[in-house]
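*Asks:* What follows is protein_35.cif; its format and atoms are mmCIF, C-alpha atoms.
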data_coords
loop_
_atom_site.group_PDB
_atom_site.id
_atom_site.type_symbol
_atom_site.label_atom_id
_atom_site.label_comp_id
_atom_site.auth_asym_id
_atom_site.auth_seq_id
_atom_site.Cartn_x
_atom_site.Cartn_y
_atom_site.Cartn_z
ATOM 1 C CA MET S 225 0.000 0.000 0.000
ATOM 2 C CA THR S 226 1.391 3.409 -0.985
ATOM 3 C CA SER S 227 1.592 5.933 1.837
ATOM 4 C CA VAL S 228 0.209 9.459 1.465
ATOM 5 C CA LEU S 229 3.203 10.588 3.533
ATOM 6 C CA THR S 230 5.066 11.250 0.293
ATOM 7 C CA SER S 231 3.076 14.513 0.205
ATOM 8 C CA THR S 232 3.552 17.370 2.655
ATOM 9 C CA THR S 233 2.488 16.798 6.246
ATOM 10 C CA ALA S 234 2.970 20.435 7.235
ATOM 11 C CA ARG S 235 -0.463 20.998 8.769
ATOM 12 C CA LEU S 236 -0.480 17.727 10.693
ATOM 13 C CA ASP S 237 2.983 18.493 12.044
ATOM 14 C CA ARG S 238 1.897 21.994 13.090
ATOM 15 C CA VAL S 239 -1.183 20.658 14.863
ATOM 16 C CA ARG S 240 0.971 18.193 16.776
ATOM 17 C CA ARG S 241 3.495 20.852 17.759
ATOM 18 C CA HIS S 242 0.693 23.175 18.857
ATOM 19 C CA GLY S 243 -1.004 20.388 20.786
ATOM 20 C CA ALA S 244 -4.510 21.310 19.640
ATOM 21 C CA VAL S 245 -6.716 21.635 16.570
ATOM 22 C CA ARG S 246 -7.843 25.213 15.875
ATOM 23 C CA ALA S 247 -11.442 24.802 14.738
ATOM 24 C CA GLY S 248 -13.594 27.568 13.302
ATOM 25 C CA VAL S 249 -17.186 27.251 14.542
ATOM 26 C CA SER S 250 -20.304 29.421 14.576
ATOM 27 C CA THR S 251 -20.952 32.114 17.144
ATOM 28 C CA GLY S 252 -23.658 29.874 18.588
ATOM 29 C CA ILE S 253 -26.138 27.630 16.752
ATOM 30 C CA ARG S 254 -27.681 24.877 18.866
ATOM 31 C CA GLY S 255 -27.170 21.402 17.444
ATOM 32 C CA LEU S 256 -24.182 22.440 15.338
ATOM 33 C CA SER S 257 -21.866 24.532 17.481
ATOM 34 C CA ALA S 258 -22.864 26.364 20.640
ATOM 35 C CA PRO S 259 -21.518 26.580 24.191
ATOM 36 C CA ASP S 260 -23.617 25.071 26.970
ATOM 37 C CA THR S 261 -24.278 26.767 30.305
ATOM 38 C CA ASP S 262 -20.811 25.721 31.485
ATOM 39 C CA GLY S 263 -19.140 27.156 28.387
ATOM 40 C CA ARG S 264 -18.433 23.736 26.852
ATOM 41 C CA TRP S 265 -18.940 23.697 23.095
ATOM 42 C CA GLN S 266 -21.428 21.121 21.811
ATOM 43 C CA GLY S 267 -22.995 20.060 18.517
ATOM 44 C CA LEU S 268 -22.362 18.090 15.355
ATOM 45 C CA ASP S 269 -19.733 20.491 14.010
ATOM 46 C CA VAL S 270 -18.042 20.579 17.403
ATOM 47 C CA ASP S 271 -17.899 16.788 17.609
ATOM 48 C CA THR S 272 -16.379 16.675 14.127
ATOM 49 C CA ALA S 273 -13.475 18.768 15.394
ATOM 50 C CA ARG S 274 -13.269 16.707 18.582
ATOM 51 C CA ALA S 275 -13.053 13.491 16.545
ATOM 52 C CA VAL S 276 -10.160 14.944 14.545
ATOM 53 C CA ALA S 277 -8.370 15.893 17.765
ATOM 54 C CA ALA S 278 -8.967 12.436 19.245
ATOM 55 C CA ALA S 279 -7.605 10.663 16.166
ATOM 56 C CA VAL S 280 -4.616 12.957 15.647
ATOM 57 C CA LEU S 281 -3.659 13.859 19.221
ATOM 58 C CA GLY S 282 -5.365 11.144 21.268
ATOM 59 C CA ASP S 283 -7.475 13.707 23.119
ATOM 60 C CA ALA S 284 -10.908 14.873 21.954
ATOM 61 C CA ASN S 285 -10.615 17.902 24.223
ATOM 62 C CA ALA S 286 -7.490 19.175 22.454
ATOM 63 C CA VAL S 287 -9.472 21.686 20.394
ATOM 64 C CA GLU S 288 -9.328 25.478 20.399
ATOM 65 C CA PHE S 289 -12.734 26.686 19.210
ATOM 66 C CA VAL S 290 -12.706 29.956 17.272
ATOM 67 C CA PRO S 291 -16.216 31.499 16.980
ATOM 68 C CA LEU S 292 -16.782 33.056 13.554
ATOM 69 C CA THR S 293 -19.662 34.837 11.835
ATOM 70 C CA PRO S 294 -20.586 33.648 8.318
ATOM 71 C CA ASP S 295 -18.693 36.602 6.818
ATOM 72 C CA GLN S 296 -15.569 35.742 8.802
ATOM 73 C CA ARG S 297 -15.321 32.000 8.331
ATOM 74 C CA MET S 298 -13.853 31.616 4.823
ATOM 75 C CA PRO S 299 -11.329 34.473 5.259
ATOM 76 C CA ALA S 300 -10.242 32.881 8.553
ATOM 77 C CA LEU S 301 -9.522 29.622 6.746
ATOM 78 C CA ALA S 302 -7.712 31.364 3.893
ATOM 79 C CA GLY S 303 -5.747 33.488 6.366
ATOM 80 C CA ASP S 304 -4.454 30.480 8.302
ATOM 81 C CA ASP S 305 -6.226 31.516 11.494
ATOM 82 C CA ILE S 306 -7.699 28.019 11.856
ATOM 83 C CA ASP S 307 -6.728 24.468 10.909
ATOM 84 C CA LEU S 308 -10.263 23.306 10.204
ATOM 85 C CA LEU S 309 -13.532 25.061 9.421
ATOM 86 C CA THR S 310 -16.499 23.192 10.841
ATOM 87 C CA CYS S 311 -19.082 25.916 10.868
ATOM 88 C CA ASN S 312 -22.348 24.833 9.141
ATOM 89 C CA ALA S 313 -20.904 25.961 5.796
ATOM 90 C CA THR S 314 -22.545 24.725 2.599
ATOM 91 C CA TRP S 315 -20.248 23.094 0.047
ATOM 92 C CA THR S 316 -20.316 25.438 -2.978
ATOM 93 C CA VAL S 317 -18.111 26.043 -6.010
ATOM 94 C CA SER S 318 -17.692 29.720 -5.119
ATOM 95 C CA ARG S 319 -16.267 28.859 -1.707
ATOM 96 C CA GLU S 320 -13.839 26.313 -3.096
ATOM 97 C CA ALA S 321 -12.768 28.396 -6.103
ATOM 98 C CA GLY S 322 -12.929 31.830 -4.500
ATOM 99 C CA PHE S 323 -11.378 31.218 -1.089
ATOM 100 C CA GLY S 324 -8.774 28.519 -1.670
ATOM 101 C CA ALA S 325 -10.739 25.998 0.356
ATOM 102 C CA THR S 326 -11.547 22.329 -0.116
ATOM 103 C CA PHE S 327 -14.578 20.750 1.493
ATOM 104 C CA VAL S 328 -13.716 17.455 3.102
ATOM 105 C CA ALA S 329 -17.017 15.569 3.288
ATOM 106 C CA THR S 330 -20.703 16.165 3.909
ATOM 107 C CA THR S 331 -21.612 15.738 7.561
ATOM 108 C CA CYS S 332 -25.142 17.164 7.313
ATOM 109 C CA TYR S 333 -27.454 17.074 4.295
ATOM 110 C CA ASP S 334 -30.061 19.811 4.580
ATOM 111 C CA GLY S 335 -31.937 22.503 2.664
ATOM 112 C CA GLY S 336 -33.064 26.086 3.013
ATOM 113 C CA ALA S 337 -36.307 26.357 4.988
ATOM 114 C CA PHE S 338 -38.596 29.098 6.328
ATOM 115 C CA LEU S 339 -39.453 29.912 9.931
ATOM 116 C CA VAL S 340 -42.756 31.813 10.128
ATOM 117 C CA PRO S 341 -45.249 32.813 12.835
ATOM 118 C CA ARG S 342 -48.039 30.252 13.041
ATOM 119 C CA SER S 343 -50.541 33.122 13.267
ATOM 120 C CA ALA S 344 -49.536 34.331 9.786
ATOM 121 C CA GLY S 345 -51.248 31.325 8.215
ATOM 122 C CA VAL S 346 -48.405 30.791 5.735
ATOM 123 C CA THR S 347 -48.254 27.231 4.426
ATOM 124 C CA ALA S 348 -46.019 27.612 1.356
ATOM 125 C CA ALA S 349 -42.950 29.660 0.477
ATOM 126 C CA ALA S 350 -44.710 31.171 -2.545
ATOM 127 C CA GLN S 351 -47.035 33.037 -0.177
ATOM 128 C CA LEU S 352 -44.069 35.069 1.072
ATOM 129 C CA ALA S 353 -43.433 36.791 -2.269
ATOM 130 C CA GLY S 354 -42.820 40.492 -1.729
ATOM 131 C CA ARG S 355 -42.201 40.047 2.012
ATOM 132 C CA ARG S 356 -39.154 40.858 4.152
ATOM 133 C CA ILE S 357 -37.041 37.743 4.718
ATOM 134 C CA GLY S 358 -34.228 37.561 7.261
ATOM 135 C CA VAL S 359 -31.060 35.638 6.386
ATOM 136 C CA LEU S 360 -27.549 35.235 7.744
ATOM 137 C CA GLY S 361 -25.162 37.454 5.813
ATOM 138 C CA GLY S 362 -22.331 35.565 4.142
ATOM 139 C CA THR S 363 -24.412 32.426 3.639
ATOM 140 C CA SER S 364 -26.018 30.916 0.542
ATOM 141 C CA SER S 365 -29.558 31.822 1.688
ATOM 142 C CA ALA S 366 -29.900 35.068 -0.298
ATOM 143 C CA ALA S 367 -28.890 33.353 -3.543
ATOM 144 C CA SER S 368 -31.260 30.464 -2.815
ATOM 145 C CA LEU S 369 -34.151 32.902 -2.342
ATOM 146 C CA ALA S 370 -33.386 34.605 -5.652
ATOM 147 C CA ARG S 371 -33.286 31.263 -7.479
ATOM 148 C CA TYR S 372 -36.557 30.155 -5.906
ATOM 149 C CA TYR S 373 -38.627 33.274 -6.575
ATOM 150 C CA ALA S 374 -37.275 34.162 -10.051
ATOM 151 C CA PRO S 375 -39.333 31.478 -11.885
ATOM 152 C CA LEU S 376 -42.397 32.769 -10.023
ATOM 153 C CA GLY S 377 -41.793 36.258 -11.360
ATOM 154 C CA ALA S 378 -41.504 37.462 -7.780
ATOM 155 C CA GLU S 379 -38.947 38.926 -5.423
ATOM 156 C CA VAL S 380 -38.484 39.254 -1.685
ATOM 157 C CA GLU S 381 -36.690 41.880 0.362
ATOM 158 C CA VAL S 382 -33.666 40.151 1.844
ATOM 159 C CA VAL S 383 -32.570 41.450 5.252
ATOM 160 C CA PRO S 384 -29.085 40.166 6.171
ATOM 161 C CA TYR S 385 -27.985 39.726 9.782
ATOM 162 C CA PRO S 386 -24.398 39.237 10.978
ATOM 163 C CA ASP S 387 -25.104 36.152 13.079
ATOM 164 C CA ALA S 388 -27.829 33.750 14.190
ATOM 165 C CA ALA S 389 -28.529 35.589 17.447
ATOM 166 C CA ASP S 390 -29.241 38.878 15.662
ATOM 167 C CA ALA S 391 -31.331 37.129 13.007
ATOM 168 C CA LEU S 392 -33.504 35.473 15.633
ATOM 169 C CA VAL S 393 -34.011 38.765 17.477
ATOM 170 C CA GLY S 394 -35.005 40.478 14.230
ATOM 171 C CA TYR S 395 -37.492 37.720 13.484
ATOM 172 C CA ARG S 396 -38.835 37.673 17.047
ATOM 173 C CA ASP S 397 -39.367 41.437 17.040
ATOM 174 C CA GLY S 398 -41.239 41.379 13.714
ATOM 175 C CA ALA S 399 -38.576 43.191 11.691
ATOM 176 C CA VAL S 400 -38.957 40.443 9.074
ATOM 177 C CA ASP S 401 -41.877 38.251 8.034
ATOM 178 C CA ALA S 402 -39.829 35.048 7.921
ATOM 179 C CA TYR S 403 -36.358 33.761 8.671
ATOM 180 C CA VAL S 404 -34.635 31.534 6.102
ATOM 181 C CA CYS S 405 -31.778 29.233 7.057
ATOM 182 C CA ASP S 406 -30.915 25.545 7.013
ATOM 183 C CA GLY S 407 -33.790 23.424 8.261
ATOM 184 C CA VAL S 408 -31.862 21.847 11.139
ATOM 185 C CA VAL S 409 -30.714 25.304 12.221
ATOM 186 C CA LEU S 410 -34.275 26.620 12.308
ATOM 187 C CA ALA S 411 -35.508 23.580 14.245
ATOM 188 C CA ALA S 412 -32.954 24.394 16.920
ATOM 189 C CA GLU S 413 -33.282 28.185 16.813
ATOM 190 C CA LYS S 414 -37.061 27.976 17.192
ATOM 191 C CA THR S 415 -36.579 26.567 20.692
ATOM 192 C CA ARG S 416 -34.906 29.831 21.740
ATOM 193 C CA LEU S 417 -38.079 31.843 21.115
ATOM 194 C CA PRO S 418 -40.340 32.753 24.067
ATOM 195 C CA ASP S 419 -43.171 30.577 22.713
ATOM 196 C CA PRO S 420 -41.712 28.023 20.282
ATOM 197 C CA ASP S 421 -45.133 26.529 19.510
ATOM 198 C CA ALA S 422 -46.253 29.889 18.099
ATOM 199 C CA HIS S 423 -43.855 29.388 15.193
ATOM 200 C CA VAL S 424 -43.496 26.772 12.487
ATOM 201 C CA VAL S 425 -40.763 25.627 10.126
ATOM 202 C CA LEU S 426 -42.366 25.085 6.730
ATOM 203 C CA PRO S 427 -41.705 21.568 5.387
ATOM 204 C CA GLU S 428 -40.832 22.960 1.951
ATOM 205 C CA LEU S 429 -37.110 23.197 1.142
ATOM 206 C CA ILE S 430 -35.951 25.715 -1.459
ATOM 207 C CA SER S 431 -32.357 24.556 -1.874
ATOM 208 C CA ARG S 432 -29.865 21.767 -1.352
ATOM 209 C CA GLU S 433 -27.416 22.504 1.460
ATOM 210 C CA PRO S 434 -24.698 19.854 1.828
ATOM 211 C CA MET S 435 -22.753 21.064 4.857
ATOM 212 C CA GLY S 436 -19.423 19.883 6.121
ATOM 213 C CA PRO S 437 -15.926 20.832 7.218
ATOM 214 C CA ALA S 438 -13.395 22.517 4.967
ATOM 215 C CA VAL S 439 -9.621 22.870 4.990
ATOM 216 C CA ALA S 440 -7.311 25.279 3.203
ATOM 217 C CA ASP S 441 -5.837 24.259 -0.145
ATOM 218 C CA GLY S 442 -2.202 23.245 -0.326
ATOM 219 C CA ASP S 443 -1.935 20.286 2.049
ATOM 220 C CA SER S 444 -3.470 17.172 0.549
ATOM 221 C CA HIS S 445 -2.338 15.061 3.464
ATOM 222 C CA TRP S 446 -4.315 17.126 5.998
ATOM 223 C CA LEU S 447 -7.338 16.944 3.692
ATOM 224 C CA LYS S 448 -7.113 13.154 3.533
ATOM 225 C CA THR S 449 -6.515 12.892 7.264
ATOM 226 C CA VAL S 450 -9.655 14.826 8.193
ATOM 227 C CA ARG S 451 -11.714 13.118 5.484
ATOM 228 C CA TRP S 452 -10.927 9.596 6.635
ATOM 229 C CA ILE S 453 -11.497 10.438 10.279
ATOM 230 C CA ILE S 454 -15.026 11.539 9.353
ATOM 231 C CA PHE S 455 -15.524 8.436 7.227
ATOM 232 C CA ALA S 456 -14.390 6.346 10.198
ATOM 233 C CA LEU S 457 -17.277 7.694 12.299
ATOM 234 C CA ILE S 458 -19.744 6.771 9.545
ATOM 235 C CA ALA S 459 -18.176 3.352 8.958
ATOM 236 C CA ALA S 460 -18.309 2.685 12.693
ATOM 237 C CA GLU S 461 -22.062 3.212 12.701
ATOM 238 C CA GLU S 462 -22.402 0.930 9.665
ATOM 239 C CA GLU S 463 -20.470 -1.753 11.522
ATOM 240 C CA GLY S 464 -22.286 -1.238 14.820
ATOM 241 C CA LEU S 465 -19.174 -0.029 16.623
ATOM 242 C CA THR S 466 -20.038 2.490 19.355
ATOM 243 C CA SER S 467 -18.258 4.488 22.026
ATOM 244 C CA ALA S 468 -19.400 1.863 24.529
ATOM 245 C CA THR S 469 -18.150 -1.181 22.614
ATOM 246 C CA VAL S 470 -14.740 0.102 21.456
ATOM 247 C CA GLY S 471 -13.004 -1.004 24.635
ATOM 248 C CA GLN S 472 -14.929 -4.242 25.103
ATOM 249 C CA GLY S 473 -12.981 -6.348 22.633
ATOM 250 C CA ALA S 474 -15.901 -6.723 20.222
ATOM 251 C CA ALA S 475 -15.064 -8.073 16.769
ATOM 252 C CA SER S 476 -14.446 -5.118 14.479
ATOM 253 C CA ALA S 477 -12.990 -5.016 10.986
ATOM 254 C CA LEU S 478 -12.401 -1.294 11.450
ATOM 255 C CA LEU S 479 -10.365 -1.725 14.608
ATOM 256 C CA ASP S 480 -8.480 -4.631 13.052
ATOM 257 C CA ALA S 481 -7.466 -2.362 10.154
ATOM 258 C CA GLN S 482 -6.688 0.809 12.099
ATOM 259 C CA ALA S 483 -3.031 0.029 12.817
ATOM 260 C CA HIS S 484 -1.834 -0.326 9.236
ATOM 261 C CA LEU S 485 -4.182 2.434 8.059
ATOM 262 C CA GLY S 486 -2.754 4.663 10.769
ATOM 263 C CA ASP S 487 0.737 3.934 9.485
ATOM 264 C CA THR S 488 -0.407 4.853 5.987
ATOM 265 C CA LEU S 489 -1.967 8.139 7.084
ATOM 266 C CA GLY S 490 0.717 9.008 9.606
ATOM 267 C CA LEU S 491 -1.730 8.695 12.500
ATOM 268 C CA PRO S 492 -1.493 6.760 15.781
ATOM 269 C CA ARG S 493 -2.238 3.063 15.406
ATOM 270 C CA THR S 494 -5.284 3.526 17.654
ATOM 271 C CA TRP S 495 -6.776 6.478 15.719
ATOM 272 C CA ILE S 496 -10.179 4.956 14.922
ATOM 273 C CA GLY S 497 -10.680 3.585 18.417
ATOM 274 C CA ASP S 498 -9.644 6.929 19.879
ATOM 275 C CA ALA S 499 -12.106 8.885 17.718
ATOM 276 C CA VAL S 500 -15.072 6.547 18.157
ATOM 277 C CA GLY S 501 -14.307 5.784 21.797
ATOM 278 C CA GLN S 502 -14.104 9.441 22.813
ATOM 279 C CA VAL S 503 -16.698 10.992 20.485
ATOM 280 C CA GLY S 504 -18.896 8.142 19.251
ATOM 281 C CA ASN S 505 -19.926 6.994 15.802
ATOM 282 C CA TYR S 506 -21.833 9.274 13.430
ATOM 283 C CA GLY S 507 -25.211 8.095 14.701
ATOM 284 C CA GLU S 508 -24.248 8.843 18.297
ATOM 285 C CA VAL S 509 -23.046 12.307 17.296
ATOM 286 C CA TYR S 510 -26.276 13.037 15.414
ATOM 287 C CA ASP S 511 -28.443 11.803 18.271
ATOM 288 C CA ARG S 512 -26.645 14.039 20.779
ATOM 289 C CA SER S 513 -26.900 17.010 18.424
ATOM 290 C CA PHE S 514 -30.352 16.715 16.847
ATOM 291 C CA GLY S 515 -31.962 13.435 17.883
ATOM 292 C CA ALA S 516 -33.831 12.255 20.948
ATOM 293 C CA ALA S 517 -30.865 12.857 23.244
ATOM 294 C CA SER S 518 -30.786 16.535 22.227
ATOM 295 C CA GLY S 519 -34.426 17.293 22.937
ATOM 296 C CA LEU S 520 -34.885 18.503 19.349
ATOM 297 C CA ASP S 521 -35.980 15.186 17.792
ATOM 298 C CA VAL S 522 -35.084 16.196 14.226
ATOM 299 C CA PRO S 523 -35.524 13.063 12.054
ATOM 300 C CA ARG S 524 -32.303 11.943 10.412
ATOM 301 C CA GLY S 525 -33.821 11.791 6.936
ATOM 302 C CA LEU S 526 -31.021 12.142 4.380
ATOM 303 C CA ASN S 527 -28.506 11.987 7.226
ATOM 304 C CA ASP S 528 -29.383 8.387 7.981
ATOM 305 C CA LEU S 529 -27.273 5.499 6.710
ATOM 306 C CA TRP S 530 -27.800 4.465 3.100
ATOM 307 C CA THR S 531 -29.162 1.127 4.325
ATOM 308 C CA ARG S 532 -32.028 3.029 5.960
ATOM 309 C CA GLY S 533 -32.845 5.353 3.085
ATOM 310 C CA GLY S 534 -30.316 8.091 3.823
ATOM 311 C CA LEU S 535 -27.213 9.320 2.007
ATOM 312 C CA MET S 536 -24.583 8.495 4.612
ATOM 313 C CA TYR S 537 -22.009 5.849 3.794
ATOM 314 C CA ALA S 538 -18.241 5.578 3.931
ATOM 315 C CA PRO S 539 -15.930 4.433 1.133
ATOM 316 C CA PRO S 540 -14.182 1.091 1.734
ATOM 317 C CA PHE S 541 -11.487 0.924 4.408
ATOM 318 C CA ALA S 542 -9.230 -1.294 2.332
#
For this file, produce the structure as structure tokens.
*Replies:*
Amino acid sequence: MTSVLTSTTARLDRVRRHGAVRAGVSTGIRGLSAPDTDGRWQGLDVDTARAVAAAVLGDANAVEFVPLTPDQRMPALAGDDIDLLTCNATWTVSREAGFGATFVATTCYDGGAFLVPRSAGVTAAAQLAGRRIGVLGGTSSAASLARYYAPLGAEVEVVPYPDAADALVGYRDGAVDAYVCDGVVLAAEKTRLPDPDAHVVLPELISREPMGPAVADGDSHWLKTVRWIIFALIAAEEEGLTSATVGQGAASALLDAQAHLGDTLGLPRTWIGDAVGQVGNYGEVYDRSFGAASGLDVPRGLNDLWTRGGLMYAPPFA
């Protein structure tokens, strides 16, 4: 087997010397990346960074979280302020071509949705033509709105906000008629409103939003390292390997292969066990972030395994 170590390992070496992964996250979006009441960051994007730290450094807590607004996140990656961007960013050609970034994998398949007051009686996005719609500045939401309403011969007034907290306040105070963002984001943000049941996320999606972590161009080894760590979490769920069973000696093709794969990637020979044991498999991460364990109960849908009708699967570990 040919080792990828023939390419530069500059980023991996820097992370090891620094002793932590610098991860760009949101300024606070429940389910993806937000601090809890004790200041501990939680969410799917957070656990992605923690899995990388566990696999590379042996410690899931060896992460320095850097909160970024949507307008700040791609420049931070391009400017070498972070090692990894895991900040509910949608994988787009403009971000890869315009900011020198490469998206690693999709960790959350979603789409643009609308949050509206239940009292407004809105049941379809078309009914919001001509209205004021709040979005997060620096995201793909404004472009998605334009693409959706153009065939209808309609427009909306887009009101950009710098971060999710400001957008929710604007929506709550009636400055906009609806708030458009990723569906999983809105499901979580709705719970922050004084009366969550007075609001509804429309089931209609107006865009495809494959979200996942990104790394800066120029270090293919770091790209492959992060990518296969994420795939390991997905493959672990496919195999039935969990954080509870890693240390119990259960039969596992993944754990049997991790030593020589670690040698190939330049990672510790326990990298898969470290990541899954400390963070969990993909299903465990999703459940903590959006499932029953989170209190949000967002169905997995496209984020389920391919064997259950979703889009999640890992390439072969061979």
*Asks:* Could you tell me how far atom CA of S:Ile496 lies from atom CA of S:Ala468, in Å and to one decimal?
*Replies:*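 Pair atom CA of S:Ile496 / atom CA of S:Ala468 returns 13.7 Å.
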*Asks:* So which residues get picked by the PyMOL selection byres ((chain S and resi 423) around 9) here, written as a VMD selection string?
*Replies:* chain S and resid 339 to 343 414 417 419 to 422 424 to 425
*Asks:* Neighbouring residues of stretch 363-378 of chain S were defined as those with any atom within 8 Å, considering all atoms listed in the file; residues of the same chain fewer than 4 positions away were excluded. Please report them as a PDB file with C-alpha atoms, in the coordinates of the input.
*Replies:*
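Okay, around.pdb is ready:
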ATOM      1  CA  PRO S 294     -20.586  33.648   8.318  1.00  0.00           C
ATOM      2  CA  ASP S 295     -18.693  36.602   6.818  1.00  0.00           C
ATOM      3  CA  ALA S 313     -20.904  25.961   5.796  1.00  0.00           C
ATOM      4  CA  THR S 314     -22.545  24.725   2.599  1.00  0.00           C
ATOM      5  CA  GLY S 336     -33.064  26.086   3.013  1.00  0.00           C
ATOM      6  CA  ALA S 350     -44.710  31.171  -2.545  1.00  0.00           C
ATOM      7  CA  ALA S 353     -43.433  36.791  -2.269  1.00  0.00           C
ATOM      8  CA  GLY S 354     -42.820  40.492  -1.729  1.00  0.00           C
ATOM      9  CA  VAL S 359     -31.060  35.638   6.386  1.00  0.00           C
ATOM     10  CA  VAL S 382     -33.666  40.151   1.844  1.00  0.00           C
ATOM     11  CA  VAL S 404     -34.635  31.534   6.102  1.00  0.00           C
ATOM     12  CA  CYS S 405     -31.778  29.233   7.057  1.00  0.00           C
ATOM     13  CA  ILE S 430     -35.951  25.715  -1.459  1.00  0.00           C
ATOM     14  CA  SER S 431     -32.357  24.556  -1.874  1.00  0.00           C
TER      15      SER S 431
END
*Asks:* If we count all atoms listed in the file, what is near stretch 316-319 of chain S at a cut-off of 9 Å, once residues fewer than 6 positions away on the same chain are taken out, given as a CSV table (one decimal) with C-alpha atoms, keeping the file's coordinate frame?
*Replies:*
chain,number,residue,atom,x,y,z
S,298,MET,CA,-13.9,31.6,4.8
S,325,ALA,CA,-10.7,26.0,0.4
S,326,THR,CA,-11.5,22.3,-0.1
S,327,PHE,CA,-14.6,20.8,1.5
S,364,SER,CA,-26.0,30.9,0.5
S,433,GLU,CA,-27.4,22.5,1.5
S,434,PRO,CA,-24.7,19.9,1.8
*Asks:* S:Gly407, S:Gly361, S:Pro437, S:Gly394: which is nearest S:Gly525, counting only C-alpha atoms?
*Replies:* S:Gly407
*Asks:* Using all atoms listed in the file, find all polymer residues with an atom at most 9 Å away from the point (-35.1, 42.7, -0.7); report them as a PyMOL selection string.
*Replies:* chain S and resi 354-357+379-383
*Asks:* What is the distance, in Å and to one decimal place, between atom CA of S:Gly322 and atom CA of S:Gly358?
*Replies:*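 That distance, rounded to one decimal, is 25.0 Å.
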*Asks:* Once you count all atoms listed in the file, which residues end up no further than 12 Å from (-13.2, 8.0, 25.6) in the file's frame, shown as a list in words?
*Replies:*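 Those residues lying close to the given coordinates are Arg274, Ala275, Ala278, Ala279, Gly282, Asp283, Ala284, Asn285, Thr466, Ser467, Ala468, Thr469, Val470, Gly471, Trp495, Ile496, Gly497, Asp498, Ala499, Val500, Gly501, Gln502, Val503, Gly504 and Asn505 of chain S.
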*Asks:* Given 3 Å on each side, where is the centre and what are the edge lengths in Å to one decimal of the axis-aligned box enclosing the listed atoms of stretch 498-503 of chain S, as JSON?
*Replies:*
{"center_x": -13.2, "center_y": 8.4, "center_z": 20.3, "size_x": 13.1, "size_y": 11.2, "size_z": 11.1}
*Asks:* State, in Å with one decimal place, the distance from atom CA of S:Gly533 to atom CA of S:Ala349.
*Replies:*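 Atom CA of S:Ala349 lies 26.5 Å from atom CA of S:Gly533.
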*Asks:* Can you tell me, as a VMD selection string, what residues are no more than 12 Å from S:Gly252 when counting all atoms listed in the file, ignoring any on the same chain fewer than 3 positions away?
*Replies:* chain S and resid 248 to 249 255 to 260 263 to 267 269 to 270 289 to 294 311 to 312 387 to 392 409 412 to 413 416
*Asks:* Excluding same-chain residues fewer than 3 positions from S:Tyr537, what lies within 12 Å of it counting only C-alpha atoms, as an MDAnalysis selection string?
*Replies:* chainID S and resid 329:331 454:463 506:507 526:534 540:541
*Asks:* Counting all atoms listed in the file, which residue out of S:Ala402, S:Cys332, S:Phe323, S:Leu301 sits closest to S:Val346?
*Replies:*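 Of S:Ala402, S:Cys332, S:Phe323, S:Leu301, the one nearest S:Val346, counting all atoms listed in the file, is S:Ala402.
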*Asks:* Go through S:Thr251, S:Arg235, S:Glu288, S:Leu268 one by one, measure the shortest atom-to-atom distance of each to S:Arg512 using all atoms listed in the file, and give the residue with the smallest value.
*Replies:* S:Leu268
*Asks:* Fewer than 4 positions away in the same chain doesn't count, so skip those; otherwise give me all residues within 9 Å of S:Leu308, counting all atoms listed in the file, as a short mmCIF file (atom, residue, chain, number, x, y, z; two decimals) with C-alpha atoms, in the coordinates of the input.
*Replies:*
data_model
loop_
_atom_site.label_atom_id
_atom_site.label_comp_id
_atom_site.auth_asym_id
_atom_site.auth_seq_id
_atom_site.Cartn_x
_atom_site.Cartn_y
_atom_site.Cartn_z
CA VAL S 245 -6.72 21.64 16.57
CA ARG S 246 -7.84 25.21 15.88
CA ALA S 247 -11.44 24.80 14.74
CA GLY S 248 -13.59 27.57 13.30
CA ALA S 273 -13.48 18.77 15.39
CA LEU S 301 -9.52 29.62 6.75
CA PRO S 437 -15.93 20.83 7.22
CA ALA S 438 -13.40 22.52 4.97
CA VAL S 439 -9.62 22.87 4.99
CA ALA S 440 -7.31 25.28 3.20
CA VAL S 450 -9.65 14.83 8.19
#
*Asks:* Given all atoms listed in the file as the basis, pick out the residue of S:Arg240, S:Thr261, S:Trp315, S:Val280 nearest to S:Arg432.
*Replies:* S:Trp315
*Asks:* Go through S:Ala344, S:Thr415, S:Leu309, S:Gly362 and flag the residue nearest S:Ser518, using all atoms listed in the file for the distances.
*Replies:*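 Nearest to S:Ser518: S:Thr415.
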*Asks:* Once the PyMOL selection byres ((chain S and resi 238) around 12) has been applied to the shown file, what residues remain in the selection, as a list of chain:residue names?
*Replies:* S:Thr232, S:Thr233, S:Ala234, S:Arg235, S:Leu236, S:Asp237, S:Val239, S:Arg240, S:Arg241, S:His242, S:Gly243, S:Ala244, S:Val245, S:Arg246, S:Val280, S:Leu281, S:Asp304, S:Ile306, S:Asp307, S:Asp443, S:Trp446
